[in-house]
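What follows is model.txt (compact mmCIF, N, CA and C atoms).
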# COMPACT_ATOMS: atom_id res chain seq x y z
N MET A 1 35.44 197.62 -197.71
CA MET A 1 36.09 196.39 -197.32
C MET A 1 37.53 196.33 -197.82
N GLY A 2 37.96 197.26 -198.63
CA GLY A 2 39.36 197.35 -199.04
C GLY A 2 39.83 196.13 -199.79
N ASP A 3 41.00 195.61 -199.39
CA ASP A 3 41.62 194.49 -200.08
C ASP A 3 41.17 193.13 -199.56
N GLN A 4 40.26 193.10 -198.58
CA GLN A 4 39.83 191.81 -198.05
C GLN A 4 39.12 191.03 -199.14
N LYS A 5 39.31 189.72 -199.12
CA LYS A 5 38.68 188.85 -200.09
C LYS A 5 37.71 187.93 -199.36
N PHE A 6 36.54 187.71 -199.96
CA PHE A 6 35.53 186.84 -199.39
C PHE A 6 35.41 185.61 -200.29
N HIS A 7 35.36 184.45 -199.68
CA HIS A 7 35.23 183.21 -200.42
C HIS A 7 34.02 182.45 -199.89
N ARG A 8 33.15 182.03 -200.79
CA ARG A 8 32.02 181.20 -200.38
C ARG A 8 32.47 179.75 -200.39
N ILE A 9 32.22 179.07 -199.27
CA ILE A 9 32.61 177.68 -199.11
C ILE A 9 31.35 176.85 -198.91
N THR A 10 31.27 175.73 -199.63
CA THR A 10 30.12 174.84 -199.49
C THR A 10 30.60 173.47 -199.03
N ASN A 11 29.99 172.97 -197.95
CA ASN A 11 30.25 171.62 -197.49
C ASN A 11 29.43 170.70 -198.38
N LEU A 12 30.07 169.93 -199.23
CA LEU A 12 29.36 169.10 -200.20
C LEU A 12 28.54 167.99 -199.54
N LYS A 13 28.92 167.58 -198.36
CA LYS A 13 28.20 166.50 -197.69
C LYS A 13 26.82 166.95 -197.21
N ASN A 14 26.74 168.13 -196.57
CA ASN A 14 25.44 168.56 -196.04
C ASN A 14 24.91 169.82 -196.75
N ARG A 15 25.61 170.31 -197.74
CA ARG A 15 25.22 171.46 -198.57
C ARG A 15 25.16 172.78 -197.80
N GLU A 16 25.72 172.82 -196.60
CA GLU A 16 25.75 174.07 -195.84
C GLU A 16 26.83 174.98 -196.41
N ARG A 17 26.57 176.30 -196.33
CA ARG A 17 27.48 177.27 -196.91
C ARG A 17 27.95 178.26 -195.85
N ALA A 18 29.12 178.77 -196.08
CA ALA A 18 29.68 179.80 -195.19
C ALA A 18 30.58 180.69 -196.04
N TYR A 19 30.89 181.87 -195.48
CA TYR A 19 31.83 182.77 -196.14
C TYR A 19 33.10 182.85 -195.31
N LYS A 20 34.21 182.81 -195.98
CA LYS A 20 35.51 182.93 -195.34
C LYS A 20 36.12 184.26 -195.75
N VAL A 21 36.64 184.99 -194.77
CA VAL A 21 37.30 186.26 -195.06
C VAL A 21 38.79 186.01 -195.13
N GLU A 22 39.41 186.41 -196.21
CA GLU A 22 40.86 186.28 -196.39
C GLU A 22 41.52 187.55 -195.88
N SER A 23 41.97 187.53 -194.61
CA SER A 23 42.55 188.73 -194.02
C SER A 23 44.06 188.82 -194.23
N GLN A 24 44.69 187.73 -194.62
CA GLN A 24 46.14 187.77 -194.81
C GLN A 24 46.55 188.74 -195.91
N SER A 25 45.65 189.04 -196.82
CA SER A 25 46.00 189.95 -197.91
C SER A 25 46.24 191.37 -197.41
N ILE A 26 45.79 191.71 -196.19
CA ILE A 26 46.02 193.06 -195.66
C ILE A 26 47.17 193.11 -194.67
N GLU A 27 47.79 191.95 -194.39
CA GLU A 27 48.88 191.90 -193.42
C GLU A 27 50.21 192.27 -194.07
N SER A 28 51.09 192.85 -193.26
CA SER A 28 52.47 193.08 -193.66
C SER A 28 53.33 192.05 -192.94
N THR A 29 54.50 191.76 -193.50
CA THR A 29 55.40 190.79 -192.89
C THR A 29 56.76 191.42 -192.65
N PHE A 30 57.25 191.26 -191.42
CA PHE A 30 58.61 191.65 -191.05
C PHE A 30 59.40 190.36 -190.93
N ALA A 31 60.55 190.29 -191.57
CA ALA A 31 61.43 189.12 -191.45
C ALA A 31 62.86 189.61 -191.39
N GLU A 32 63.59 189.16 -190.37
CA GLU A 32 64.97 189.62 -190.21
C GLU A 32 65.76 188.58 -189.42
N GLU A 33 67.06 188.53 -189.71
CA GLU A 33 67.96 187.65 -188.99
C GLU A 33 68.97 188.50 -188.22
N TYR A 34 69.26 188.11 -186.98
CA TYR A 34 70.20 188.83 -186.13
C TYR A 34 71.32 187.87 -185.72
N VAL A 35 72.55 188.39 -185.63
CA VAL A 35 73.69 187.55 -185.27
C VAL A 35 74.42 188.07 -184.04
N GLU A 36 73.82 189.02 -183.35
CA GLU A 36 74.36 189.51 -182.08
C GLU A 36 73.22 189.97 -181.20
N ASN A 37 73.49 190.12 -179.91
CA ASN A 37 72.44 190.51 -178.97
C ASN A 37 71.84 191.87 -179.32
N GLN A 38 70.54 191.98 -179.09
CA GLN A 38 69.79 193.22 -179.29
C GLN A 38 69.20 193.62 -177.94
N THR A 39 69.14 194.93 -177.68
CA THR A 39 68.55 195.43 -176.45
C THR A 39 67.48 196.45 -176.79
N GLU A 40 66.22 196.05 -176.62
CA GLU A 40 65.06 196.90 -176.91
C GLU A 40 65.18 197.59 -178.27
N GLU A 41 65.59 196.82 -179.26
CA GLU A 41 65.72 197.30 -180.63
C GLU A 41 64.32 197.47 -181.22
N GLU A 42 63.99 198.67 -181.68
CA GLU A 42 62.68 198.93 -182.29
C GLU A 42 62.69 198.35 -183.70
N ILE A 43 61.93 197.28 -183.90
CA ILE A 43 61.96 196.60 -185.20
C ILE A 43 60.76 196.91 -186.09
N ILE A 44 59.62 197.26 -185.49
CA ILE A 44 58.45 197.67 -186.27
C ILE A 44 57.84 198.87 -185.57
N SER A 45 57.69 199.97 -186.28
CA SER A 45 57.09 201.18 -185.71
C SER A 45 55.91 201.60 -186.56
N PRO A 46 54.79 201.96 -185.93
CA PRO A 46 53.64 202.42 -186.71
C PRO A 46 53.85 203.86 -187.18
N SER A 47 53.11 204.24 -188.19
CA SER A 47 53.08 205.65 -188.60
C SER A 47 52.49 206.46 -187.45
N GLU A 48 52.81 207.72 -187.39
CA GLU A 48 52.37 208.57 -186.28
C GLU A 48 50.86 208.51 -186.11
N GLY A 49 50.43 208.27 -184.87
CA GLY A 49 49.01 208.21 -184.53
C GLY A 49 48.37 206.85 -184.75
N ASN A 50 49.13 205.86 -185.19
CA ASN A 50 48.58 204.53 -185.48
C ASN A 50 49.06 203.49 -184.47
N LYS A 51 48.51 202.27 -184.58
CA LYS A 51 48.87 201.14 -183.73
C LYS A 51 49.29 199.96 -184.59
N ILE A 52 50.15 199.12 -184.04
CA ILE A 52 50.52 197.85 -184.66
C ILE A 52 49.71 196.74 -183.99
N VAL A 53 49.13 195.86 -184.79
CA VAL A 53 48.44 194.68 -184.29
C VAL A 53 49.21 193.47 -184.81
N VAL A 54 49.85 192.75 -183.90
CA VAL A 54 50.62 191.56 -184.26
C VAL A 54 49.65 190.40 -184.42
N LYS A 55 49.72 189.74 -185.57
CA LYS A 55 48.82 188.61 -185.86
C LYS A 55 49.50 187.26 -185.64
N ASP A 56 50.75 187.12 -186.08
CA ASP A 56 51.49 185.86 -185.96
C ASP A 56 52.96 186.16 -185.73
N VAL A 57 53.61 185.29 -184.99
CA VAL A 57 55.04 185.43 -184.71
C VAL A 57 55.70 184.07 -184.87
N SER A 58 56.89 184.08 -185.42
CA SER A 58 57.71 182.88 -185.47
C SER A 58 59.14 183.29 -185.13
N ILE A 59 59.76 182.58 -184.19
CA ILE A 59 61.13 182.86 -183.78
C ILE A 59 61.91 181.55 -183.88
N HIS A 60 63.07 181.61 -184.52
CA HIS A 60 63.96 180.46 -184.64
C HIS A 60 65.36 180.91 -184.24
N THR A 61 66.11 180.04 -183.59
CA THR A 61 67.48 180.37 -183.24
C THR A 61 68.35 179.12 -183.26
N LYS A 62 69.63 179.33 -183.44
CA LYS A 62 70.60 178.25 -183.34
C LYS A 62 71.09 178.10 -181.90
N ALA A 63 70.73 179.06 -181.04
CA ALA A 63 71.20 179.04 -179.66
C ALA A 63 70.56 177.89 -178.87
N ASN A 64 71.32 177.34 -177.93
CA ASN A 64 70.75 176.34 -177.02
C ASN A 64 70.69 176.87 -175.60
N SER A 65 70.92 178.19 -175.47
CA SER A 65 70.69 178.87 -174.19
C SER A 65 70.43 180.34 -174.52
N GLY A 66 69.87 181.05 -173.57
CA GLY A 66 69.54 182.46 -173.78
C GLY A 66 68.06 182.66 -173.99
N GLU A 67 67.70 183.90 -174.27
CA GLU A 67 66.29 184.28 -174.35
C GLU A 67 66.08 185.27 -175.48
N VAL A 68 64.91 185.18 -176.13
CA VAL A 68 64.49 186.14 -177.15
C VAL A 68 63.15 186.70 -176.68
N GLN A 69 63.04 188.04 -176.64
CA GLN A 69 61.82 188.70 -176.18
C GLN A 69 61.31 189.66 -177.24
N LEU A 70 60.02 189.59 -177.52
CA LEU A 70 59.33 190.58 -178.35
C LEU A 70 58.30 191.25 -177.46
N ASP A 71 58.31 192.59 -177.44
CA ASP A 71 57.43 193.34 -176.54
C ASP A 71 56.94 194.62 -177.20
N PHE A 72 55.77 195.07 -176.75
CA PHE A 72 55.41 196.47 -176.84
C PHE A 72 55.94 197.04 -175.52
N ASN A 73 55.81 198.31 -175.27
CA ASN A 73 56.30 198.87 -174.00
C ASN A 73 55.59 198.19 -172.83
N GLY A 74 56.28 197.26 -172.18
CA GLY A 74 55.71 196.60 -171.01
C GLY A 74 54.69 195.52 -171.30
N LYS A 75 54.34 195.28 -172.55
CA LYS A 75 53.36 194.25 -172.90
C LYS A 75 54.06 193.16 -173.69
N LYS A 76 54.04 191.94 -173.16
CA LYS A 76 54.72 190.82 -173.80
C LYS A 76 53.99 190.39 -175.07
N ILE A 77 54.75 190.17 -176.14
CA ILE A 77 54.21 189.64 -177.40
C ILE A 77 54.60 188.16 -177.51
N ALA A 78 55.91 187.87 -177.34
CA ALA A 78 56.38 186.49 -177.47
C ALA A 78 57.68 186.32 -176.71
N ARG A 79 57.95 185.08 -176.29
CA ARG A 79 59.18 184.72 -175.60
C ARG A 79 59.67 183.39 -176.17
N LEU A 80 60.97 183.30 -176.31
CA LEU A 80 61.62 182.03 -176.63
C LEU A 80 62.75 181.86 -175.63
N TYR A 81 62.67 180.80 -174.83
CA TYR A 81 63.71 180.46 -173.87
C TYR A 81 64.51 179.33 -174.50
N SER A 82 65.65 179.67 -175.07
CA SER A 82 66.44 178.71 -175.83
C SER A 82 66.97 177.59 -174.94
N SER A 83 66.81 176.39 -175.42
CA SER A 83 67.32 175.19 -174.76
C SER A 83 67.30 174.13 -175.84
N VAL A 84 66.78 172.98 -175.54
CA VAL A 84 66.61 171.98 -176.58
C VAL A 84 65.51 172.40 -177.54
N ASN A 85 64.59 173.26 -177.09
CA ASN A 85 63.56 173.83 -177.95
C ASN A 85 64.03 175.20 -178.39
N ASN A 86 64.37 175.34 -179.66
CA ASN A 86 64.88 176.62 -180.12
C ASN A 86 64.01 177.23 -181.21
N ARG A 87 62.68 176.97 -181.08
CA ARG A 87 61.74 177.51 -182.05
C ARG A 87 60.44 177.85 -181.34
N PHE A 88 59.84 179.00 -181.69
CA PHE A 88 58.56 179.43 -181.14
C PHE A 88 57.67 179.83 -182.31
N ALA A 89 56.50 179.22 -182.42
CA ALA A 89 55.58 179.57 -183.49
C ALA A 89 54.15 179.27 -183.03
N PRO A 90 53.47 180.26 -182.43
CA PRO A 90 52.07 180.00 -182.01
C PRO A 90 51.17 179.88 -183.22
N THR A 91 50.05 179.20 -183.05
CA THR A 91 49.14 179.03 -184.17
C THR A 91 48.31 180.29 -184.41
N VAL A 92 47.84 180.93 -183.36
CA VAL A 92 47.05 182.15 -183.51
C VAL A 92 47.46 183.11 -182.41
N SER A 93 47.68 184.36 -182.79
CA SER A 93 48.08 185.36 -181.82
C SER A 93 47.61 186.71 -182.34
N THR A 94 46.93 187.48 -181.53
CA THR A 94 46.55 188.84 -181.90
C THR A 94 46.80 189.72 -180.69
N ILE A 95 47.84 190.55 -180.81
CA ILE A 95 48.22 191.41 -179.71
C ILE A 95 48.35 192.83 -180.23
N LYS A 96 47.60 193.75 -179.62
CA LYS A 96 47.56 195.14 -180.09
C LYS A 96 48.43 196.03 -179.22
N GLY A 97 49.27 196.82 -179.87
CA GLY A 97 50.08 197.81 -179.17
C GLY A 97 49.32 199.11 -178.99
N GLY A 98 49.90 200.03 -178.27
CA GLY A 98 49.31 201.34 -178.06
C GLY A 98 49.64 202.28 -179.22
N VAL A 99 49.04 203.44 -179.21
CA VAL A 99 49.29 204.46 -180.23
C VAL A 99 50.77 204.80 -180.24
N ASP A 100 51.37 204.80 -181.42
CA ASP A 100 52.79 205.14 -181.64
C ASP A 100 53.76 204.19 -180.94
N GLU A 101 53.31 203.02 -180.54
CA GLU A 101 54.14 202.08 -179.78
C GLU A 101 54.81 201.07 -180.73
N PRO A 102 56.15 201.02 -180.73
CA PRO A 102 56.85 200.08 -181.60
C PRO A 102 56.95 198.68 -181.00
N VAL A 103 57.22 197.70 -181.86
CA VAL A 103 57.57 196.36 -181.43
C VAL A 103 59.07 196.38 -181.15
N LYS A 104 59.46 195.88 -179.96
CA LYS A 104 60.87 195.89 -179.56
C LYS A 104 61.39 194.47 -179.41
N LEU A 105 62.64 194.29 -179.80
CA LEU A 105 63.31 192.99 -179.72
C LEU A 105 64.48 193.08 -178.74
N THR A 106 64.55 192.10 -177.82
CA THR A 106 65.70 191.94 -176.94
C THR A 106 66.14 190.49 -177.03
N THR A 107 67.44 190.28 -177.28
CA THR A 107 67.97 188.93 -177.35
C THR A 107 69.16 188.78 -176.43
N ALA A 108 69.32 187.57 -175.92
CA ALA A 108 70.49 187.22 -175.10
C ALA A 108 70.96 185.86 -175.56
N THR A 109 71.30 185.78 -176.85
CA THR A 109 71.72 184.51 -177.45
C THR A 109 73.15 184.60 -177.98
N GLY A 110 73.85 185.68 -177.65
CA GLY A 110 75.23 185.85 -178.08
C GLY A 110 75.33 185.98 -179.59
N ASP A 111 76.30 185.28 -180.18
CA ASP A 111 76.47 185.37 -181.63
C ASP A 111 75.73 184.26 -182.38
N ASN A 112 74.81 183.58 -181.69
CA ASN A 112 73.95 182.59 -182.34
C ASN A 112 72.87 183.30 -183.15
N LYS A 113 72.59 182.78 -184.32
CA LYS A 113 71.59 183.41 -185.19
C LYS A 113 70.20 183.33 -184.59
N VAL A 114 69.44 184.43 -184.76
CA VAL A 114 68.03 184.49 -184.38
C VAL A 114 67.28 185.00 -185.60
N PHE A 115 66.25 184.26 -186.02
CA PHE A 115 65.44 184.66 -187.17
C PHE A 115 64.02 184.92 -186.68
N ILE A 116 63.49 186.07 -187.03
CA ILE A 116 62.16 186.50 -186.57
C ILE A 116 61.27 186.76 -187.79
N ILE A 117 60.04 186.27 -187.73
CA ILE A 117 59.01 186.61 -188.71
C ILE A 117 57.80 187.09 -187.93
N ILE A 118 57.28 188.27 -188.29
CA ILE A 118 56.09 188.82 -187.64
C ILE A 118 55.12 189.27 -188.73
N ASN A 119 53.90 188.75 -188.68
CA ASN A 119 52.82 189.23 -189.54
C ASN A 119 51.99 190.19 -188.71
N TYR A 120 51.70 191.37 -189.29
CA TYR A 120 51.02 192.40 -188.52
C TYR A 120 50.22 193.30 -189.45
N ILE A 121 49.31 194.07 -188.84
CA ILE A 121 48.61 195.11 -189.56
C ILE A 121 48.78 196.40 -188.78
N GLU A 122 48.66 197.50 -189.46
CA GLU A 122 48.71 198.82 -188.83
C GLU A 122 47.31 199.40 -188.89
N VAL A 123 46.80 199.85 -187.75
CA VAL A 123 45.43 200.37 -187.67
C VAL A 123 45.43 201.78 -187.11
N ALA A 124 44.35 202.49 -187.34
CA ALA A 124 44.21 203.84 -186.80
C ALA A 124 44.22 203.78 -185.29
N GLY A 125 44.82 204.79 -184.68
CA GLY A 125 44.99 204.79 -183.23
C GLY A 125 43.84 205.41 -182.45
N ASP A 126 42.66 205.49 -183.00
CA ASP A 126 41.53 206.11 -182.30
C ASP A 126 41.02 205.32 -181.15
Serialized structure, structure tokens:
Amino acid sequence: MGDQKFHRITNLKNRERAYKVESQSIESTFAEEYVENQTEEEIISPSEGNKIVVKDVSIHTKANSGEVQLDFNGKKIARLYSSVNNRFAPTVSTIKGGVDEPVKLTTATGDNKVFIIINYIEVAGD
């Protein structure tokens, strides 16, 4: 089970019990700020023969126009279409890339700041 942590939880009202798996302890976090446009910039690459599994994404920008794209090759991970809404943060997301496939960033927000946070795990590519 590696670094995973298990927590026993008891509902005091009805005395029912459950186990919670703490999977965040095995996740890695990528965080970076960009101040100019990026074109298919490889921002996270797995070790040879492995896959990246994106668990959570958060995108923030100061731009009020333009677009931010996170992709595997041809597979969409996240999109932010800047306007009055300049933040993207889904509650749950699990998107698996292919073997040796990097996460790529493309932005069209000019010199407006873009901040990206991605929580992910790297898994065997079998």
Distance of CA of Asn119 (chain A) from CA of Val57 (chain A), expressed in Å to one decimal place: 6.5 Å
Give me, as a compact mmCIF listing (two decimals) with N, CA and C atoms, in the frame of the given file, the residues of region 12-111 of chain A that a backbone DSSP run labels strand (DSSP E).
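Resulting contents of out_6.txt:
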# COMPACT_ATOMS: atom_id res chain seq x y z
N ARG A 17 26.57 176.30 -196.33
CA ARG A 17 27.48 177.27 -196.91
C ARG A 17 27.95 178.26 -195.85
N ALA A 18 29.12 178.77 -196.08
CA ALA A 18 29.68 179.80 -195.19
C ALA A 18 30.58 180.69 -196.04
N TYR A 19 30.89 181.87 -195.48
CA TYR A 19 31.83 182.77 -196.14
C TYR A 19 33.10 182.85 -195.31
N LYS A 20 34.21 182.81 -195.98
CA LYS A 20 35.51 182.93 -195.34
C LYS A 20 36.12 184.26 -195.75
N VAL A 21 36.64 184.99 -194.77
CA VAL A 21 37.30 186.26 -195.06
C VAL A 21 38.79 186.01 -195.13
N GLU A 22 39.41 186.41 -196.21
CA GLU A 22 40.86 186.28 -196.39
C GLU A 22 41.52 187.55 -195.88
N SER A 28 51.09 192.85 -193.26
CA SER A 28 52.47 193.08 -193.66
C SER A 28 53.33 192.05 -192.94
N THR A 29 54.50 191.76 -193.50
CA THR A 29 55.40 190.79 -192.89
C THR A 29 56.76 191.42 -192.65
N PHE A 30 57.25 191.26 -191.42
CA PHE A 30 58.61 191.65 -191.05
C PHE A 30 59.40 190.36 -190.93
N ALA A 31 60.55 190.29 -191.57
CA ALA A 31 61.43 189.12 -191.45
C ALA A 31 62.86 189.61 -191.39
N GLU A 32 63.59 189.16 -190.37
CA GLU A 32 64.97 189.62 -190.21
C GLU A 32 65.76 188.58 -189.42
N GLU A 33 67.06 188.53 -189.71
CA GLU A 33 67.96 187.65 -188.99
C GLU A 33 68.97 188.50 -188.22
N TYR A 34 69.26 188.11 -186.98
CA TYR A 34 70.20 188.83 -186.13
C TYR A 34 71.32 187.87 -185.72
N GLU A 41 65.59 196.82 -179.26
CA GLU A 41 65.72 197.30 -180.63
C GLU A 41 64.32 197.47 -181.22
N GLU A 42 63.99 198.67 -181.68
CA GLU A 42 62.68 198.93 -182.29
C GLU A 42 62.69 198.35 -183.70
N ILE A 43 61.93 197.28 -183.90
CA ILE A 43 61.96 196.60 -185.20
C ILE A 43 60.76 196.91 -186.09
N ILE A 44 59.62 197.26 -185.49
CA ILE A 44 58.45 197.67 -186.27
C ILE A 44 57.84 198.87 -185.57
N ASN A 50 49.13 205.86 -185.19
CA ASN A 50 48.58 204.53 -185.48
C ASN A 50 49.06 203.49 -184.47
N LYS A 51 48.51 202.27 -184.58
CA LYS A 51 48.87 201.14 -183.73
C LYS A 51 49.29 199.96 -184.59
N ILE A 52 50.15 199.12 -184.04
CA ILE A 52 50.52 197.85 -184.66
C ILE A 52 49.71 196.74 -183.99
N VAL A 53 49.13 195.86 -184.79
CA VAL A 53 48.44 194.68 -184.29
C VAL A 53 49.21 193.47 -184.81
N VAL A 54 49.85 192.75 -183.90
CA VAL A 54 50.62 191.56 -184.26
C VAL A 54 49.65 190.40 -184.42
N LYS A 55 49.72 189.74 -185.57
CA LYS A 55 48.82 188.61 -185.86
C LYS A 55 49.50 187.26 -185.64
N ASP A 56 50.75 187.12 -186.08
CA ASP A 56 51.49 185.86 -185.96
C ASP A 56 52.96 186.16 -185.73
N VAL A 57 53.61 185.29 -184.99
CA VAL A 57 55.04 185.43 -184.71
C VAL A 57 55.70 184.07 -184.87
N SER A 58 56.89 184.08 -185.42
CA SER A 58 57.71 182.88 -185.47
C SER A 58 59.14 183.29 -185.13
N ILE A 59 59.76 182.58 -184.19
CA ILE A 59 61.13 182.86 -183.78
C ILE A 59 61.91 181.55 -183.88
N HIS A 60 63.07 181.61 -184.52
CA HIS A 60 63.96 180.46 -184.64
C HIS A 60 65.36 180.91 -184.24
N THR A 61 66.11 180.04 -183.59
CA THR A 61 67.48 180.37 -183.24
C THR A 61 68.35 179.12 -183.26
N GLU A 67 67.70 183.90 -174.27
CA GLU A 67 66.29 184.28 -174.35
C GLU A 67 66.08 185.27 -175.48
N VAL A 68 64.91 185.18 -176.13
CA VAL A 68 64.49 186.14 -177.15
C VAL A 68 63.15 186.70 -176.68
N GLN A 69 63.04 188.04 -176.64
CA GLN A 69 61.82 188.70 -176.18
C GLN A 69 61.31 189.66 -177.24
N LEU A 70 60.02 189.59 -177.52
CA LEU A 70 59.33 190.58 -178.35
C LEU A 70 58.30 191.25 -177.46
N ASP A 71 58.31 192.59 -177.44
CA ASP A 71 57.43 193.34 -176.54
C ASP A 71 56.94 194.62 -177.20
N PHE A 72 55.77 195.07 -176.75
CA PHE A 72 55.41 196.47 -176.84
C PHE A 72 55.94 197.04 -175.52
N LYS A 75 54.34 195.28 -172.55
CA LYS A 75 53.36 194.25 -172.90
C LYS A 75 54.06 193.16 -173.69
N LYS A 76 54.04 191.94 -173.16
CA LYS A 76 54.72 190.82 -173.80
C LYS A 76 53.99 190.39 -175.07
N ILE A 77 54.75 190.17 -176.14
CA ILE A 77 54.21 189.64 -177.40
C ILE A 77 54.60 188.16 -177.51
N ALA A 78 55.91 187.87 -177.34
CA ALA A 78 56.38 186.49 -177.47
C ALA A 78 57.68 186.32 -176.71
N ARG A 79 57.95 185.08 -176.29
CA ARG A 79 59.18 184.72 -175.60
C ARG A 79 59.67 183.39 -176.17
N LEU A 80 60.97 183.30 -176.31
CA LEU A 80 61.62 182.03 -176.63
C LEU A 80 62.75 181.86 -175.63
N TYR A 81 62.67 180.80 -174.83
CA TYR A 81 63.71 180.46 -173.87
C TYR A 81 64.51 179.33 -174.50
N ARG A 87 62.68 176.97 -181.08
CA ARG A 87 61.74 177.51 -182.05
C ARG A 87 60.44 177.85 -181.34
N PHE A 88 59.84 179.00 -181.69
CA PHE A 88 58.56 179.43 -181.14
C PHE A 88 57.67 179.83 -182.31
N ILE A 95 47.84 190.55 -180.81
CA ILE A 95 48.22 191.41 -179.71
C ILE A 95 48.35 192.83 -180.23
N LYS A 96 47.60 193.75 -179.62
CA LYS A 96 47.56 195.14 -180.09
C LYS A 96 48.43 196.03 -179.22
N VAL A 103 57.22 197.70 -181.86
CA VAL A 103 57.57 196.36 -181.43
C VAL A 103 59.07 196.38 -181.15
N LYS A 104 59.46 195.88 -179.96
CA LYS A 104 60.87 195.89 -179.56
C LYS A 104 61.39 194.47 -179.41
N LEU A 105 62.64 194.29 -179.80
CA LEU A 105 63.31 192.99 -179.72
C LEU A 105 64.48 193.08 -178.74
N THR A 106 64.55 192.10 -177.82
CA THR A 106 65.70 191.94 -176.94
C THR A 106 66.14 190.49 -177.03
N THR A 107 67.44 190.28 -177.28
CA THR A 107 67.97 188.93 -177.35
C THR A 107 69.16 188.78 -176.43
Minimum-distance residue to Ser83 (chain A), chosen among A:Ala63, A:Gln69, A:Glu101, A:Glu32 (using only N, CA and C atoms):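 Answer, going by the shortest atom-to-atom distance: A:Ala63.
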Gap from CA of Arg79 (chain A) to atom C of Gln38 (chain A) - Å, one decimal: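 Between CA of Arg79 (chain A) and atom C of Gln38 (chain A) the gap is 13.6 Å.
Nearest-residue note for Asp111 (chain A): choosing from A:Val35, A:Val99, A:Ala124, A:Val84, the minimum distance belongs to A:Val35, counting all atoms listed in the file.
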Distance in Å - atom N of Phe30 (chain A) versus atom N of His60 (chain A): 13.2 Å
Could you give me, as a compact mmCIF listing (two decimals) with N, CA and C atoms, in the frame of the given file, the residues within 8 Å of Glu36 (chain A), counting only C-alpha atoms and dropping anything in the same chain fewer than 2 positions from it?
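Dumped to result_25.txt:
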# COMPACT_ATOMS: atom_id res chain seq x y z
N TYR A 34 69.26 188.11 -186.98
CA TYR A 34 70.20 188.83 -186.13
C TYR A 34 71.32 187.87 -185.72
N GLN A 38 70.54 191.98 -179.09
CA GLN A 38 69.79 193.22 -179.29
C GLN A 38 69.20 193.62 -177.94
N THR A 107 67.44 190.28 -177.28
CA THR A 107 67.97 188.93 -177.35
C THR A 107 69.16 188.78 -176.43
N THR A 109 71.30 185.78 -176.85
CA THR A 109 71.72 184.51 -177.45
C THR A 109 73.15 184.60 -177.98
N GLY A 110 73.85 185.68 -177.65
CA GLY A 110 75.23 185.85 -178.08
C GLY A 110 75.33 185.98 -179.59
N ASP A 111 76.30 185.28 -180.18
CA ASP A 111 76.47 185.37 -181.63
C ASP A 111 75.73 184.26 -182.38
N ASN A 112 74.81 183.58 -181.69
CA ASN A 112 73.95 182.59 -182.34
C ASN A 112 72.87 183.30 -183.15
N LYS A 113 72.59 182.78 -184.32
CA LYS A 113 71.59 183.41 -185.19
C LYS A 113 70.20 183.33 -184.59
Shell of 5 Å around Leu105 (chain A), all atoms listed in the file, local chain residues under 5 positions omitted, as a list in words: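 Contacts, with the query itself left out: Gln38, Thr39, Glu40, Glu41, Glu42, Gln69 and Leu70 of chain A.
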Take the residues from that selection and write them out as a tab-separated table (two decimals), in the frame of the given file, keeping N, CA and C atoms.
chain	number	residue	atom	x	y	z
A	38	GLN	N	70.54	191.98	-179.09
A	38	GLN	CA	69.79	193.22	-179.29
A	38	GLN	C	69.20	193.62	-177.94
A	39	THR	N	69.14	194.93	-177.68
A	39	THR	CA	68.55	195.43	-176.45
A	39	THR	C	67.48	196.45	-176.79
A	40	GLU	N	66.22	196.05	-176.62
A	40	GLU	CA	65.06	196.90	-176.91
A	40	GLU	C	65.18	197.59	-178.27
A	41	GLU	N	65.59	196.82	-179.26
A	41	GLU	CA	65.72	197.30	-180.63
A	41	GLU	C	64.32	197.47	-181.22
A	42	GLU	N	63.99	198.67	-181.68
A	42	GLU	CA	62.68	198.93	-182.29
A	42	GLU	C	62.69	198.35	-183.70
A	69	GLN	N	63.04	188.04	-176.64
A	69	GLN	CA	61.82	188.70	-176.18
A	69	GLN	C	61.31	189.66	-177.24
A	70	LEU	N	60.02	189.59	-177.52
A	70	LEU	CA	59.33	190.58	-178.35
A	70	LEU	C	58.30	191.25	-177.46
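Across A:Thr106, A:Leu12, A:Phe115, A:Thr29, the tightest approach to Thr61 (chain A) is made by A:Phe115 when counting only C-alpha atoms.
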Point (52.5, 190.9, -185.6), cut-off 6 Å, counting all atoms listed in the file, residues as an MDAnalysis selection string: chainID A and resid 53:57 118:121
Nearest to Val123 (chain A) by atom-to-atom distance, counting only N, CA and C atoms, from A:Val103, A:Ala78, A:Gly66, A:Ser47: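 Closest candidate: A:Ser47.
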Pick from A:Ile95, A:Asn14, A:Lys104, A:Lys51 nearest to Gly125 (chain A), counting all atoms listed in the file: A:Lys51
Pick from A:Lys62, A:Asn11, A:Gly49, A:Ile26 nearest to Gly97 (chain A), counting only C-alpha atoms: A:Gly49
If I wrap all listed atoms of region 67-75 of chain A in a box with edges along x, y and z and add 3 Å on each side, what are its centre and edge lengths in Å to one decimal, as AutoDock Vina command-line options?
--center_x 60.5 --center_y 191.4 --center_z -174.7 --size_x 20.3 --size_y 21.0 --size_z 13.3
